[in-house]
Amino acid sequence: MDIKDKNIKFKAVIFDLDGTLVNSLQDIADAMNTVLKSYNYPTHSYEKHQSFIGSGIRSLVSKSLPLAHNDEQQVERCLHAMIEVYRDNCTNKTTPYDGIIELLDNLVSRDIKLSVLSNKADELTKKITHALFPNYFDPVIGLTSESLKKPNPFTVKEIAKNLGLKAEEIIYVGDTGIDMQTATNANMYAVGVLWGYRPKEELVANGAQYILSHPLDIMKLI
């Protein structure tokens, strides 16, 4: 992995949400399993759902459905049903990872700008972030169009413009290979976390320049 360029002063951190700031696995899996049960389809363990997370809810729904019922119409029906269930239950069991609030307070005290970019639907990204982290992040952006899904760097570049910063002044933090690709595609500093939903090997293989074992480890870069 690359060593941080000592001449670069980071002025902002953009975070992924699921698996990075919050452990949302159980709420996501419970909502999806509720939908699967309604169609008498097989349900999946939390561990299995963990492998489905990272590319948005539509992708998760498609991966959850039996192959024999994975046509576009059924994916669409189950997607809407899953969002309805999840919308009302998305903060039941979802909590910040240990050390995240302390990290955010440290970053705010250093005048570091904070933002969230997730492949979760925009409405749900905003709901969870504002409920669990009031007044920390601006902007908070989720998925509004499949064409803008990470690792497409368009939205993260727009965040940089809105913050008035160069890409190389921004750290992007996530727990998946897709997040590392997003950071790399946007020319931001790619930081992977080990407490999320993907292994270190995936993060490194997809461009992680620094790996965090604990949230406060990021302060070594600031």
# chains A, B, ... in the order shown; residues from 1 in each chain; ligands from 1
$ residues_around --residues "region 69-78 of chain A" --least-positions-apart "2" --cutoff "10 Å" --atoms "only C-alpha atoms" --output "list of chain:residue names"
A:Met32, A:Val35, A:Leu36, A:Ser38, A:Tyr39, A:Tyr41, A:Arg58, A:Ser59, A:Leu60, A:Val61, A:Ser62, A:Lys63, A:Ser64, A:Leu65, A:Pro66, A:Leu67, A:His80, A:Ala81, A:Met82, A:Ile83, A:Glu84
$ closest_atom_pairs --of "region 136-208 of chain A" --to "region 116-131 of chain A" --cutoff "7 Å" --atoms "only C-alpha atoms" --output "JSON lines"
{"residue": "A:Phe137", "atom": "CA", "partner": "A:Val116", "partner_atom": "CA", "distance": 6.6}
{"residue": "A:Pro139", "atom": "CA", "partner": "A:Val116", "partner_atom": "CA", "distance": 6.6}
{"residue": "A:Val140", "atom": "CA", "partner": "A:Val116", "partner_atom": "CA", "distance": 4.7}
{"residue": "A:Ile141", "atom": "CA", "partner": "A:Leu117", "partner_atom": "CA", "distance": 5.0}
{"residue": "A:Gly142", "atom": "CA", "partner": "A:Asp122", "partner_atom": "CA", "distance": 3.5}
{"residue": "A:Leu143", "atom": "CA", "partner": "A:Ala121", "partner_atom": "CA", "distance": 4.6}
{"residue": "A:Thr144", "atom": "CA", "partner": "A:Asp122", "partner_atom": "CA", "distance": 5.9}
{"residue": "A:Lys149", "atom": "CA", "partner": "A:Asn119", "partner_atom": "CA", "distance": 6.0}
{"residue": "A:Lys150", "atom": "CA", "partner": "A:Asn119", "partner_atom": "CA", "distance": 6.5}
$ write_last_selection --atoms "N, CA and C atoms" --output "short mmCIF file (atom, residue, chain, number, x, y, z; two decimals), in the first residue's frame"
data_model
loop_
_atom_site.label_atom_id
_atom_site.label_comp_id
_atom_site.auth_asym_id
_atom_site.auth_seq_id
_atom_site.Cartn_x
_atom_site.Cartn_y
_atom_site.Cartn_z
N PHE A 137 -22.53 15.43 9.34
CA PHE A 137 -22.21 15.26 7.93
C PHE A 137 -22.97 16.22 7.02
N PRO A 139 -22.41 17.12 2.65
CA PRO A 139 -23.73 16.52 2.42
C PRO A 139 -23.77 15.04 2.77
N VAL A 140 -25.01 14.51 2.81
CA VAL A 140 -25.27 13.08 2.95
C VAL A 140 -25.99 12.64 1.69
N ILE A 141 -25.38 11.75 0.93
CA ILE A 141 -25.93 11.38 -0.37
C ILE A 141 -25.98 9.86 -0.53
N GLY A 142 -27.13 9.38 -0.92
CA GLY A 142 -27.28 7.96 -1.26
C GLY A 142 -27.57 7.81 -2.74
N LEU A 143 -27.97 6.62 -3.11
CA LEU A 143 -28.17 6.32 -4.53
C LEU A 143 -29.50 6.87 -5.04
N THR A 144 -29.42 7.65 -6.11
CA THR A 144 -30.63 8.19 -6.74
C THR A 144 -30.85 7.60 -8.13
N LYS A 149 -24.25 4.65 -9.43
CA LYS A 149 -23.81 3.74 -8.37
C LYS A 149 -22.29 3.68 -8.32
N LYS A 150 -21.74 3.70 -7.10
CA LYS A 150 -20.31 3.46 -6.95
C LYS A 150 -19.96 2.11 -7.58
#
$ residues_around --residues "Ser115 (chain A)" --least-positions-apart "2" --cutoff "12 Å" --atoms "only C-alpha atoms" --output "MDAnalysis selection string"
chainID A and resid 11:17 21 104 107:108 112:113 117:118 125:126 129:130 133 135:142 155:156 158:160 162:163 170:173
$ residues_around --residues "Ile8 (chain A)" --least-positions-apart "4" --cutoff "12 Å" --atoms "only C-alpha atoms" --output "number ranges by chain"
A: 3-4, 12, 166-171, 188-189, 221-222
$ closest_residue --among "A:Tyr97, A:Leu148, A:Ser51, A:Leu114" --to "Val193 (chain A)" --atoms "only C-alpha atoms"
A:Tyr97
$ atom_distance --atom1 "CA of Asp88 (chain A)" --atom2 "CA of Asp18 (chain A)"
17.2 Å
$ atom_distance --atom1 "CA of Asp98 (chain A)" --atom2 "CA of His214 (chain A)"
8.4 Å
$ residues_around --residues "Lys93 (chain A)" --least-positions-apart "3" --cutoff "10 Å" --atoms "only C-alpha atoms" --output "list in words"
Asn23, Ser24, Leu25, Gln26, Asp27, Ile28, Asp30, Asn89 and Cys90 of chain A
$ closest_residue --among "A:Gly207, A:Gly192, A:Gly19, A:Gly177" --to "Pro96 (chain A)" --atoms "only C-alpha atoms"
A:Gly19
$ closest_residue --among "A:Pro134, A:Pro42, A:Gly99, A:Gly56" --to "Trp195 (chain A)" --atoms "only C-alpha atoms"
A:Gly99
$ closest_residue --among "A:Asn185, A:Thr20, A:Asn152, A:Asn92" --to "Arg198 (chain A)" --atoms "only C-alpha atoms"
A:Thr20
$ select_by_dssp --residues "region 3-219 of chain A" --states "strand (DSSP E or B)" --output "number ranges by chain"
A: 12-15, 18, 22-23, 95-96, 113-121, 140-143, 170-174, 189-193, 210-212
$ residues_around --residues "Leu216 (chain A)" --least-positions-apart "4" --cutoff "8 Å" --atoms "only C-alpha atoms" --output "PyMOL selection string"
chain A and resi 99-100+102-103
$ write_last_selection --atoms "C-alpha atoms" --output "PDB file, in the first residue's frame"
ATOM      1  CA  GLY A  99     -15.092   4.272  18.168  1.00  0.00           C
ATOM      2  CA  ILE A 100     -16.962   6.000  15.339  1.00  0.00           C
ATOM      3  CA  GLU A 102     -15.183   9.457  19.089  1.00  0.00           C
ATOM      4  CA  LEU A 103     -13.531   9.607  15.669  1.00  0.00           C
TER       5      LEU A 103
END
$ select_by_dssp --residues "region 59-131 of chain A" --states "alpha helix (DSSP H)" --output "VMD selection string"
chain A and resid 59 to 64 72 to 89 100 to 109 122 to 131
